[in-house]
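> Dropping in data.cif, with mmCIF, C-alpha atoms.
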```cif
data_target
#
loop_
_atom_site.group_PDB
_atom_site.id
_atom_site.type_symbol
_atom_site.label_atom_id
_atom_site.label_comp_id
_atom_site.auth_asym_id
_atom_site.auth_seq_id
_atom_site.Cartn_x
_atom_site.Cartn_y
_atom_site.Cartn_z
ATOM 1 C CA MET U 1 30.468 59.209 -27.094
ATOM 2 C CA THR U 2 31.718 58.404 -30.574
ATOM 3 C CA GLN U 3 34.481 55.962 -31.482
ATOM 4 C CA GLY U 4 36.829 58.836 -32.198
ATOM 5 C CA GLU U 5 36.379 60.425 -28.801
ATOM 6 C CA PHE U 6 36.808 57.071 -27.136
ATOM 7 C CA LEU U 7 40.017 56.353 -29.020
ATOM 8 C CA ASN U 8 41.388 59.759 -28.084
ATOM 9 C CA ILE U 9 40.944 58.934 -24.427
ATOM 10 C CA VAL U 10 42.237 55.388 -24.717
ATOM 11 C CA LEU U 11 45.164 55.772 -27.143
ATOM 12 C CA PRO U 12 47.641 57.394 -24.738
ATOM 13 C CA PHE U 13 47.570 54.479 -22.325
ATOM 14 C CA LYS U 14 46.669 51.406 -24.357
ATOM 15 C CA ASP U 15 50.344 50.460 -24.684
ATOM 16 C CA LYS U 16 50.735 50.748 -20.932
ATOM 17 C CA VAL U 17 47.811 48.407 -20.422
ATOM 18 C CA PHE U 18 49.392 45.975 -22.846
ATOM 19 C CA ARG U 19 52.788 46.087 -21.190
ATOM 20 C CA LEU U 20 51.288 45.637 -17.748
ATOM 21 C CA ALA U 21 49.314 42.645 -18.973
ATOM 22 C CA LYS U 22 52.432 41.225 -20.554
ATOM 23 C CA ARG U 23 54.416 41.667 -17.377
ATOM 24 C CA LEU U 24 51.883 39.518 -15.528
ATOM 25 C CA LEU U 25 50.871 37.046 -18.215
ATOM 26 C CA VAL U 26 54.315 36.758 -19.844
ATOM 27 C CA SER U 27 53.028 35.643 -23.246
ATOM 28 C CA THR U 28 52.459 38.323 -25.880
ATOM 29 C CA GLU U 29 49.316 36.702 -27.260
ATOM 30 C CA GLU U 30 47.677 36.477 -23.885
ATOM 31 C CA ALA U 31 48.624 40.052 -23.121
ATOM 32 C CA GLU U 32 47.053 41.139 -26.423
ATOM 33 C CA ASP U 33 43.860 39.298 -25.607
ATOM 34 C CA ALA U 34 43.780 40.819 -22.153
ATOM 35 C CA THR U 35 44.282 44.320 -23.530
ATOM 36 C CA GLN U 36 41.536 43.806 -26.048
ATOM 37 C CA GLU U 37 39.238 42.582 -23.322
ATOM 38 C CA VAL U 38 39.961 45.542 -21.078
ATOM 39 C CA LEU U 39 39.430 48.062 -23.884
ATOM 40 C CA LEU U 40 36.169 46.405 -24.897
ATOM 41 C CA LYS U 41 34.945 46.547 -21.327
ATOM 42 C CA LEU U 42 35.754 50.231 -21.260
ATOM 43 C CA TRP U 43 33.928 50.761 -24.548
ATOM 44 C CA ASN U 44 30.830 48.950 -23.338
ATOM 45 C CA ASN U 45 30.768 51.096 -20.230
ATOM 46 C CA LYS U 46 31.574 54.259 -22.097
ATOM 47 C CA GLU U 47 28.540 56.046 -20.683
ATOM 48 C CA LYS U 48 29.959 55.726 -17.188
ATOM 49 C CA MET U 49 33.388 56.921 -18.248
ATOM 50 C CA LYS U 50 32.620 60.556 -17.443
ATOM 51 C CA ASP U 51 32.113 59.596 -13.818
ATOM 52 C CA TYR U 52 35.594 58.159 -13.427
ATOM 53 C CA LYS U 53 38.045 60.643 -12.034
ATOM 54 C CA ASN U 54 41.022 59.055 -13.692
ATOM 55 C CA VAL U 55 40.232 56.750 -16.594
ATOM 56 C CA GLU U 56 43.860 55.719 -16.966
ATOM 57 C CA ALA U 57 44.306 54.649 -13.348
ATOM 58 C CA PHE U 58 40.952 52.913 -13.486
ATOM 59 C CA SER U 59 41.996 50.988 -16.587
ATOM 60 C CA MET U 60 45.259 49.926 -14.995
ATOM 61 C CA THR U 61 43.400 48.611 -11.957
ATOM 62 C CA MET U 62 41.029 46.795 -14.264
ATOM 63 C CA THR U 63 43.946 45.272 -16.167
ATOM 64 C CA LYS U 64 45.590 44.142 -12.965
ATOM 65 C CA ASN U 65 42.410 42.472 -11.732
ATOM 66 C CA PHE U 66 41.726 40.912 -15.101
ATOM 67 C CA CYS U 67 45.223 39.429 -15.289
ATOM 68 C CA PHE U 68 45.023 38.069 -11.765
ATOM 69 C CA ASP U 69 41.737 36.393 -12.662
ATOM 70 C CA LYS U 70 43.362 34.931 -15.743
ATOM 71 C CA LEU U 71 46.291 33.612 -13.753
ATOM 72 C CA LYS U 72 43.944 32.012 -11.244
ATOM 73 C CA SER U 73 41.754 30.401 -13.869
ATOM 74 C CA LYS U 74 42.476 26.931 -15.140
ATOM 75 C CA GLN U 75 43.410 28.278 -18.533
ATOM 76 C CA ALA U 76 46.583 29.604 -16.999
ATOM 77 C CA GLN U 77 47.763 26.080 -16.283
ATOM 78 C CA ASN U 78 49.176 25.899 -19.774
ATOM 79 C CA LEU U 79 50.757 29.316 -19.796
ATOM 80 C CA LYS U 80 53.420 29.688 -22.441
ATOM 81 C CA LEU U 81 56.798 31.167 -21.796
ATOM 82 C CA VAL U 82 57.758 33.508 -24.558
ATOM 83 C CA HIS U 83 61.046 35.254 -24.904
ATOM 84 C CA SER U 84 60.804 38.885 -25.781
ATOM 85 C CA ASN U 85 62.766 40.443 -28.558
ATOM 86 C CA TYR U 86 64.797 43.415 -27.552
ATOM 87 C CA GLN U 87 65.349 46.205 -29.984
ATOM 88 C CA ASP U 88 68.854 47.414 -30.529
ATOM 89 C CA SER U 89 70.190 50.069 -28.221
ATOM 90 C CA ASN U 90 72.743 52.514 -29.509
ATOM 91 C CA THR U 91 75.703 50.634 -28.148
ATOM 92 C CA ALA U 92 78.398 49.133 -30.296
ATOM 93 C CA LEU U 93 77.757 45.648 -31.629
ATOM 94 C CA GLN U 94 80.272 43.937 -29.443
ATOM 95 C CA LYS U 95 78.860 45.475 -26.311
ATOM 96 C CA GLN U 96 75.365 44.976 -27.550
ATOM 97 C CA VAL U 97 75.628 41.213 -27.561
ATOM 98 C CA GLU U 98 76.957 41.313 -24.056
ATOM 99 C CA LEU U 99 74.277 43.748 -22.965
ATOM 100 C CA ASN U 100 71.453 41.811 -24.579
ATOM 101 C CA ASP U 101 72.497 38.869 -22.539
ATOM 102 C CA SER U 102 72.424 40.774 -19.278
ATOM 103 C CA VAL U 103 69.235 42.603 -20.291
ATOM 104 C CA HIS U 104 67.742 39.207 -20.722
ATOM 105 C CA TRP U 105 68.849 38.419 -17.212
ATOM 106 C CA VAL U 106 66.947 41.432 -15.943
ATOM 107 C CA SER U 107 63.741 40.211 -17.486
ATOM 108 C CA ARG U 108 64.212 36.805 -15.903
ATOM 109 C CA ILE U 109 64.921 38.331 -12.521
ATOM 110 C CA ILE U 110 61.782 40.457 -12.724
ATOM 111 C CA GLU U 111 59.798 37.408 -13.781
ATOM 112 C CA GLY U 112 60.916 35.726 -10.591
ATOM 113 C CA LEU U 113 59.693 38.542 -8.350
ATOM 114 C CA PRO U 114 56.441 38.255 -6.391
ATOM 115 C CA GLU U 115 53.403 39.421 -8.356
ATOM 116 C CA GLN U 116 52.989 42.681 -6.499
ATOM 117 C CA GLN U 117 56.620 43.717 -6.810
ATOM 118 C CA LYS U 118 56.484 42.881 -10.499
ATOM 119 C CA LEU U 119 53.533 45.231 -10.866
ATOM 120 C CA ILE U 120 55.180 48.021 -8.947
ATOM 121 C CA ILE U 121 58.455 47.787 -10.854
ATOM 122 C CA GLN U 122 56.468 47.830 -14.095
ATOM 123 C CA LEU U 123 54.390 50.843 -13.105
ATOM 124 C CA ARG U 124 57.228 52.840 -11.588
ATOM 125 C CA ASP U 125 60.402 52.081 -13.532
ATOM 126 C CA ILE U 126 58.913 51.407 -16.927
ATOM 127 C CA GLU U 127 55.692 53.436 -17.051
ATOM 128 C CA GLU U 128 57.007 56.121 -14.682
ATOM 129 C CA TYR U 129 53.924 56.747 -12.604
ATOM 130 C CA GLU U 130 53.970 58.729 -9.358
ATOM 131 C CA LEU U 131 53.836 56.676 -6.181
ATOM 132 C CA ASP U 132 50.425 58.099 -5.342
ATOM 133 C CA GLU U 133 49.049 56.981 -8.681
ATOM 134 C CA ILE U 134 50.463 53.485 -8.203
ATOM 135 C CA ALA U 135 48.936 53.308 -4.746
ATOM 136 C CA GLN U 136 45.585 54.257 -6.247
ATOM 137 C CA MET U 137 45.885 51.712 -9.059
ATOM 138 C CA LEU U 138 46.868 48.837 -6.843
ATOM 139 C CA GLU U 139 44.536 49.799 -4.006
ATOM 140 C CA MET U 140 47.420 49.924 -1.562
ATOM 141 C CA ASN U 141 48.736 52.676 0.662
ATOM 142 C CA ASN U 142 51.638 54.874 -0.240
ATOM 143 C CA THR U 143 54.238 53.486 2.170
ATOM 144 C CA ALA U 144 53.463 49.888 1.289
ATOM 145 C CA VAL U 145 54.154 50.735 -2.357
ATOM 146 C CA ARG U 146 57.435 52.404 -1.436
ATOM 147 C CA VAL U 147 58.567 49.458 0.667
ATOM 148 C CA ALA U 148 57.694 46.917 -2.026
ATOM 149 C CA LEU U 149 59.432 49.052 -4.652
ATOM 150 C CA SER U 150 62.579 49.323 -2.590
ATOM 151 C CA ARG U 151 62.564 45.593 -1.917
ATOM 152 C CA ALA U 152 62.127 44.790 -5.614
ATOM 153 C CA ARG U 153 64.913 47.130 -6.678
ATOM 154 C CA LYS U 154 67.290 45.686 -4.110
ATOM 155 C CA THR U 155 66.496 42.137 -5.215
ATOM 156 C CA ILE U 156 67.147 42.999 -8.834
ATOM 157 C CA ARG U 157 70.437 44.662 -8.014
ATOM 158 C CA GLU U 158 71.627 41.803 -5.805
ATOM 159 C CA LYS U 159 70.809 39.156 -8.378
ATOM 160 C CA LEU U 160 72.388 41.212 -11.129
ATOM 161 C CA THR U 161 75.556 41.640 -9.083
ATOM 162 C CA ASN U 162 75.688 37.894 -8.568
ATOM 163 C CA THR U 163 75.338 37.064 -12.241
ATOM 164 C CA HIS U 164 77.750 39.872 -13.133
ATOM 165 C CA ASN U 165 80.453 38.542 -10.832
ATOM 166 C CA TYR U 166 79.802 35.051 -12.001
ATOM 167 C CA GLY U 167 80.415 36.164 -15.565
ATOM 168 C CA ILE U 168 83.749 37.667 -14.659
ATOM 169 C CA LYS U 169 84.975 34.611 -12.798
ATOM 170 C CA MET G 1 81.315 65.228 -8.569
ATOM 171 C CA VAL G 2 78.857 63.850 -11.114
ATOM 172 C CA LEU G 3 79.703 60.317 -10.135
ATOM 173 C CA ASN G 4 79.179 61.142 -6.500
ATOM 174 C CA ASN G 5 75.814 62.522 -7.350
ATOM 175 C CA ILE G 6 74.878 59.362 -9.242
ATOM 176 C CA GLU G 7 75.953 57.190 -6.348
ATOM 177 C CA ASN G 8 73.802 59.203 -3.984
ATOM 178 C CA LEU G 9 70.887 58.925 -6.329
ATOM 179 C CA LEU G 10 71.358 55.179 -6.608
ATOM 180 C CA GLU G 11 71.169 54.786 -2.869
ATOM 181 C CA LYS G 12 67.998 56.844 -2.732
ATOM 182 C CA TYR G 13 66.722 54.866 -5.700
ATOM 183 C CA GLU G 14 67.088 51.588 -3.884
ATOM 184 C CA ASN G 15 65.158 52.954 -0.952
ATOM 185 C CA GLY G 16 62.373 54.008 -3.286
ATOM 186 C CA GLU G 17 62.864 57.654 -2.419
ATOM 187 C CA THR G 18 63.880 59.147 -5.741
ATOM 188 C CA THR G 19 61.499 61.365 -7.653
ATOM 189 C CA LEU G 20 60.607 60.621 -11.239
ATOM 190 C CA LYS G 21 62.956 63.364 -12.387
ATOM 191 C CA GLU G 22 65.882 61.895 -10.515
ATOM 192 C CA GLU G 23 65.118 58.490 -11.930
ATOM 193 C CA GLN G 24 65.181 59.923 -15.413
ATOM 194 C CA GLN G 25 68.564 61.390 -14.627
ATOM 195 C CA LEU G 26 69.759 57.925 -13.651
ATOM 196 C CA LYS G 27 68.319 56.397 -16.812
ATOM 197 C CA ARG G 28 70.050 59.018 -18.908
ATOM 198 C CA TYR G 29 73.356 58.393 -17.180
ATOM 199 C CA PHE G 30 73.183 54.639 -17.661
ATOM 200 C CA SER G 31 72.220 54.863 -21.305
ATOM 201 C CA GLN G 32 75.662 56.338 -22.052
ATOM 202 C CA GLU G 33 78.362 54.303 -23.750
ATOM 203 C CA THR G 34 80.615 54.204 -20.765
ATOM 204 C CA VAL G 35 79.740 54.200 -17.110
ATOM 205 C CA ALA G 36 81.985 53.840 -14.082
ATOM 206 C CA SER G 37 83.108 50.226 -13.875
ATOM 207 C CA HIS G 38 81.733 49.591 -10.388
ATOM 208 C CA LEU G 39 78.320 50.799 -11.562
ATOM 209 C CA GLU G 40 78.290 48.606 -14.657
ATOM 210 C CA VAL G 41 75.890 46.216 -12.891
ATOM 211 C CA TYR G 42 73.068 48.709 -13.111
ATOM 212 C CA LYS G 43 73.398 49.254 -16.794
ATOM 213 C CA PRO G 44 71.343 46.299 -18.051
ATOM 214 C CA MET G 45 68.600 47.122 -15.577
ATOM 215 C CA PHE G 46 68.067 50.654 -16.848
ATOM 216 C CA ALA G 47 68.573 49.522 -20.413
ATOM 217 C CA TYR G 48 65.818 46.999 -19.877
ATOM 218 C CA PHE G 49 63.475 49.628 -18.463
ATOM 219 C CA LEU G 50 64.055 51.966 -21.391
ATOM 220 C CA ASP G 51 63.653 49.156 -23.887
ATOM 221 C CA ASN G 52 60.401 48.021 -22.421
ATOM 222 C CA GLN G 53 58.870 51.473 -22.682
ATOM 223 C CA LYS G 54 58.938 51.091 -26.431
ATOM 224 C CA GLU G 55 56.819 48.004 -26.731
ATOM 225 C CA GLN G 56 53.470 48.735 -28.330
ATOM 226 C CA PHE G 57 50.072 47.213 -28.624
ATOM 227 C CA THR G 58 49.401 46.712 -32.321
ATOM 228 C CA LYS G 59 46.296 44.542 -32.374
ATOM 229 C CA ASP G 60 43.032 46.102 -33.492
ATOM 230 C CA VAL G 61 40.157 46.343 -31.114
ATOM 231 C CA PRO G 62 36.785 45.659 -32.726
ATOM 232 C CA LEU G 63 34.602 48.381 -31.253
ATOM 233 C CA LYS G 64 31.028 47.337 -31.821
ATOM 234 C CA THR G 65 28.076 49.348 -30.689
ATOM 235 C CA LYS G 66 25.543 47.442 -28.670
ATOM 236 C CA LYS G 67 22.933 45.328 -30.471
ATOM 237 C CA VAL G 68 20.065 47.173 -28.770
ATOM 238 C CA PHE G 69 20.799 50.024 -31.107
ATOM 239 C CA TYR G 70 20.036 47.874 -34.181
ATOM 240 C CA TYR G 71 16.796 46.472 -32.760
ATOM 241 C CA LYS G 72 15.466 49.967 -32.330
ATOM 242 C CA TRP G 73 15.975 50.813 -35.976
ATOM 243 C CA ILE G 74 14.640 47.470 -37.183
ATOM 244 C CA SER G 75 11.389 48.111 -35.317
ATOM 245 C CA VAL G 76 11.160 51.572 -36.798
ATOM 246 C CA ALA G 77 11.569 50.086 -40.277
ATOM 247 C CA ALA G 78 8.897 47.445 -39.561
ATOM 248 C CA VAL G 79 6.394 50.076 -38.495
ATOM 249 C CA GLY G 80 7.156 52.001 -41.678
ATOM 250 C CA VAL G 81 6.494 48.940 -43.863
ATOM 251 C CA LEU G 82 3.213 48.288 -42.037
ATOM 252 C CA MET G 83 2.023 51.842 -42.551
ATOM 253 C CA VAL G 84 2.835 51.780 -46.250
ATOM 254 C CA GLY G 85 0.917 48.482 -46.558
ATOM 255 C CA ILE G 86 -2.157 49.879 -44.842
ATOM 256 C CA TYR G 87 -2.080 52.982 -46.984
ATOM 257 C CA PHE G 88 -2.103 50.981 -50.250
ATOM 258 C CA LYS G 89 -4.846 48.662 -48.996
ATOM 259 C CA SER G 90 -7.202 51.495 -48.064
ATOM 260 C CA SER G 91 -6.605 53.389 -51.294
ATOM 261 C CA ASN G 92 -7.491 50.209 -53.256
ATOM 262 C CA ASN G 93 -10.887 50.032 -51.468
ATOM 263 C CA GLN G 94 -11.751 53.532 -52.529
ATOM 264 C CA SER G 95 -11.176 52.698 -56.193
ATOM 265 C CA ASP G 96 -13.933 50.012 -56.135
ATOM 266 C CA ASP G 97 -16.386 52.499 -57.676
ATOM 267 C CA LEU G 98 -19.084 50.854 -59.847
ATOM 268 C CA GLY G 99 -20.484 54.053 -61.342
ATOM 269 C CA THR G 100 -24.095 55.407 -61.456
ATOM 270 C CA PHE G 101 -26.947 55.452 -63.979
ATOM 271 C CA ASP G 102 -27.899 58.717 -65.616
ATOM 272 C CA ASP G 103 -31.253 57.510 -67.067
ATOM 273 C CA PRO G 104 -33.877 56.883 -64.293
ATOM 274 C CA GLU G 105 -35.842 54.401 -66.455
ATOM 275 C CA LEU G 106 -32.745 52.303 -67.053
ATOM 276 C CA ALA G 107 -31.924 52.438 -63.365
ATOM 277 C CA TYR G 108 -35.449 51.275 -62.486
ATOM 278 C CA HIS G 109 -35.147 48.399 -64.955
ATOM 279 C CA GLN G 110 -31.809 47.315 -63.509
ATOM 280 C CA VAL G 111 -33.070 47.475 -59.927
ATOM 281 C CA THR G 112 -36.188 45.369 -60.628
ATOM 282 C CA GLN G 113 -34.077 42.840 -62.468
ATOM 283 C CA SER G 114 -31.641 42.459 -59.634
ATOM 284 C CA LEU G 115 -34.404 42.367 -57.015
ATOM 285 C CA GLU G 116 -36.163 39.644 -59.013
ATOM 286 C CA MET G 117 -32.990 37.643 -59.009
ATOM 287 C CA ILE G 118 -32.677 38.042 -55.247
ATOM 288 C CA SER G 119 -36.290 36.899 -54.667
ATOM 289 C CA ASN G 120 -35.772 33.883 -56.906
ATOM 290 C CA GLN G 121 -32.774 32.769 -54.923
ATOM 291 C CA PHE G 122 -34.583 33.501 -51.697
ATOM 292 C CA ASN G 123 -37.569 31.294 -52.645
ATOM 293 C CA LYS G 124 -35.180 28.476 -53.485
ATOM 294 C CA GLY G 125 -33.809 28.753 -49.988
ATOM 295 C CA THR G 126 -37.201 28.759 -48.255
ATOM 296 C CA SER G 127 -38.401 25.714 -50.186
ATOM 297 C CA THR G 128 -35.586 23.622 -48.729
ATOM 298 C CA VAL G 129 -36.489 24.865 -45.247
ATOM 299 C CA GLY G 130 -39.964 23.215 -45.782
ATOM 300 C CA TYR G 131 -38.568 20.011 -44.332
ATOM 301 C CA LEU G 132 -38.670 21.659 -40.931
ATOM 302 C CA ASN G 133 -42.483 21.018 -40.900
ATOM 303 C CA GLU G 134 -41.711 17.310 -40.681
ATOM 304 C CA PHE G 135 -39.710 18.026 -37.563
ATOM 305 C CA ASP G 136 -42.748 19.772 -36.014
ATOM 306 C CA LYS G 137 -44.844 16.701 -36.664
ATOM 307 C CA GLY G 138 -42.304 14.493 -34.891
ATOM 308 C CA ALA G 139 -42.186 16.821 -31.927
ATOM 309 C CA SER G 140 -46.006 16.772 -31.572
ATOM 310 C CA THR G 141 -46.003 12.982 -31.267
ATOM 311 C CA LEU G 142 -43.514 13.273 -28.429
ATOM 312 C CA GLU G 143 -46.246 14.976 -26.395
ATOM 313 C CA TYR G 144 -47.388 11.533 -25.310
ATOM 314 C CA LEU G 145 -44.280 11.483 -23.157
ATOM 315 C CA THR G 146 -45.802 14.102 -20.869
ATOM 316 C CA GLU G 147 -48.677 11.703 -20.244
ATOM 317 C CA LEU G 148 -46.112 9.075 -19.265
ATOM 318 C CA GLU G 149 -44.425 11.516 -16.878
ATOM 319 C CA LYS G 150 -47.762 12.238 -15.143
ATOM 320 C CA SER G 151 -48.325 8.561 -14.508
ATOM 321 C CA THR G 152 -44.787 8.013 -13.122
ATOM 322 C CA LYS G 153 -45.282 10.924 -10.719
ATOM 323 C CA ILE G 154 -48.416 9.294 -9.385
ATOM 324 C CA ILE G 155 -46.506 6.036 -8.871
ATOM 325 C CA PHE G 156 -43.643 7.684 -6.994
ATOM 326 C CA LYS G 157 -46.066 9.556 -4.692
ATOM 327 C CA ASN G 158 -47.423 6.236 -3.545
#
```
Do you think you could lay out the structure here as structure tokens?

Amino acid sequence: MTQGEFLNIVLPFKDKVFRLAKRLLVSTEEAEDATQEVLLKLWNNKEKMKDYKNVEAFSMTMTKNFCFDKLKSKQAQNLKLVHSNYQDSNTALQKQVELNDSVHWVSRIIEGLPEQQKLIIQLRDIEEYELDEIAQMLEMNNTAVRVALSRARKTIREKLTNTHNYGIK
Amino acid sequence: MVLNNIENLLEKYENGETTLKEEQQLKRYFSQETVASHLEVYKPMFAYFLDNQKEQFTKDVPLKTKKVFYYKWISVAAVGVLMVGIYFKSSNNQSDDLGTFDDPELAYHQVTQSLEMISNQFNKGTSTVGYLNEFDKGASTLEYLTELEKSTKIIFKN
């Protein structure tokens, strides 16, 4: 397999790998390192790649495991908290400031979720994978994914409602 | 009607029962300027999801081929260099041609001369070997030792 062929396979989902890593590791630099690591592992095992049924799902599983390892390792003790920059949405400036603030809240709420729910929210609501695919990636069964997803969504909504009301009062 | 639909979808959404298509419908609805005031809470959530889809991985990945590959070609090159070396060496040996004589008398003269030289050197060598005769003399005197041995044997028998 040449570099070109490899890149053609990898390009469509490399951003997804990065975002998943960032969701778990929080810091952009660490997520970049993790993505690089995962892609290099794939490249070194490129001969076996034909045997994988779904390279994308396999890579996501690999990313998840890699990030968990990272979080467990001592290195993670000095994990940095980095605030993401949000690009402008098409709303008017006045609303945008307000929205940015509450969007920021969303990211903090998701950060506070248990690891697995974080993953599922990331894979479903941001990357838009089917539930079956998520189950395959996370090595869980379908209903467990659905339950965790529902729980995560409810938590986000409840916390958002709280902060929203608080803002009004 | 539309609002009703959205509310239904939201309930399904929270139970994790919406399909991807329905979720896209929700995202589209909440990316509008204005949404119903009691649904305003959801807006930042969907905005966040849509925003996060845009983030990209920009770092380069250094894709190196394995080192084994290079070793193979280095060995091939080494074998090539060796073969070229051997080729030049052997062709040099062949060019050590001293030529031949055309005149038989001249050839005879040359041969006798060189043979004479060899015999001269040879005689020099043999003359130095003459000292070995002295060694023979010494060895012959040692024969008395056998006499001594005989007598010791007789003693030990008794």
> Using only C-alpha atoms and a distance of at most 6 Å, pull out the residues of chain U that contact chain G, as a ChimeraX atom specification.
/U:15,18,36,102-103,106,126,146,149-150,153-154,161
> Write out as a PyMOL selection string which residues come within 8 Å of Ala31 of chain U when counting all atoms listed in the file, dropping same-chain ones fewer than 4 positions away.
chain U and resi 18-19+21-22+25-27+35
> Atom CA of Thr28 of chain U to atom CA of Thr63 of chain U: how many Å, to one decimal?
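Those two atoms sit 14.7 Å apart.
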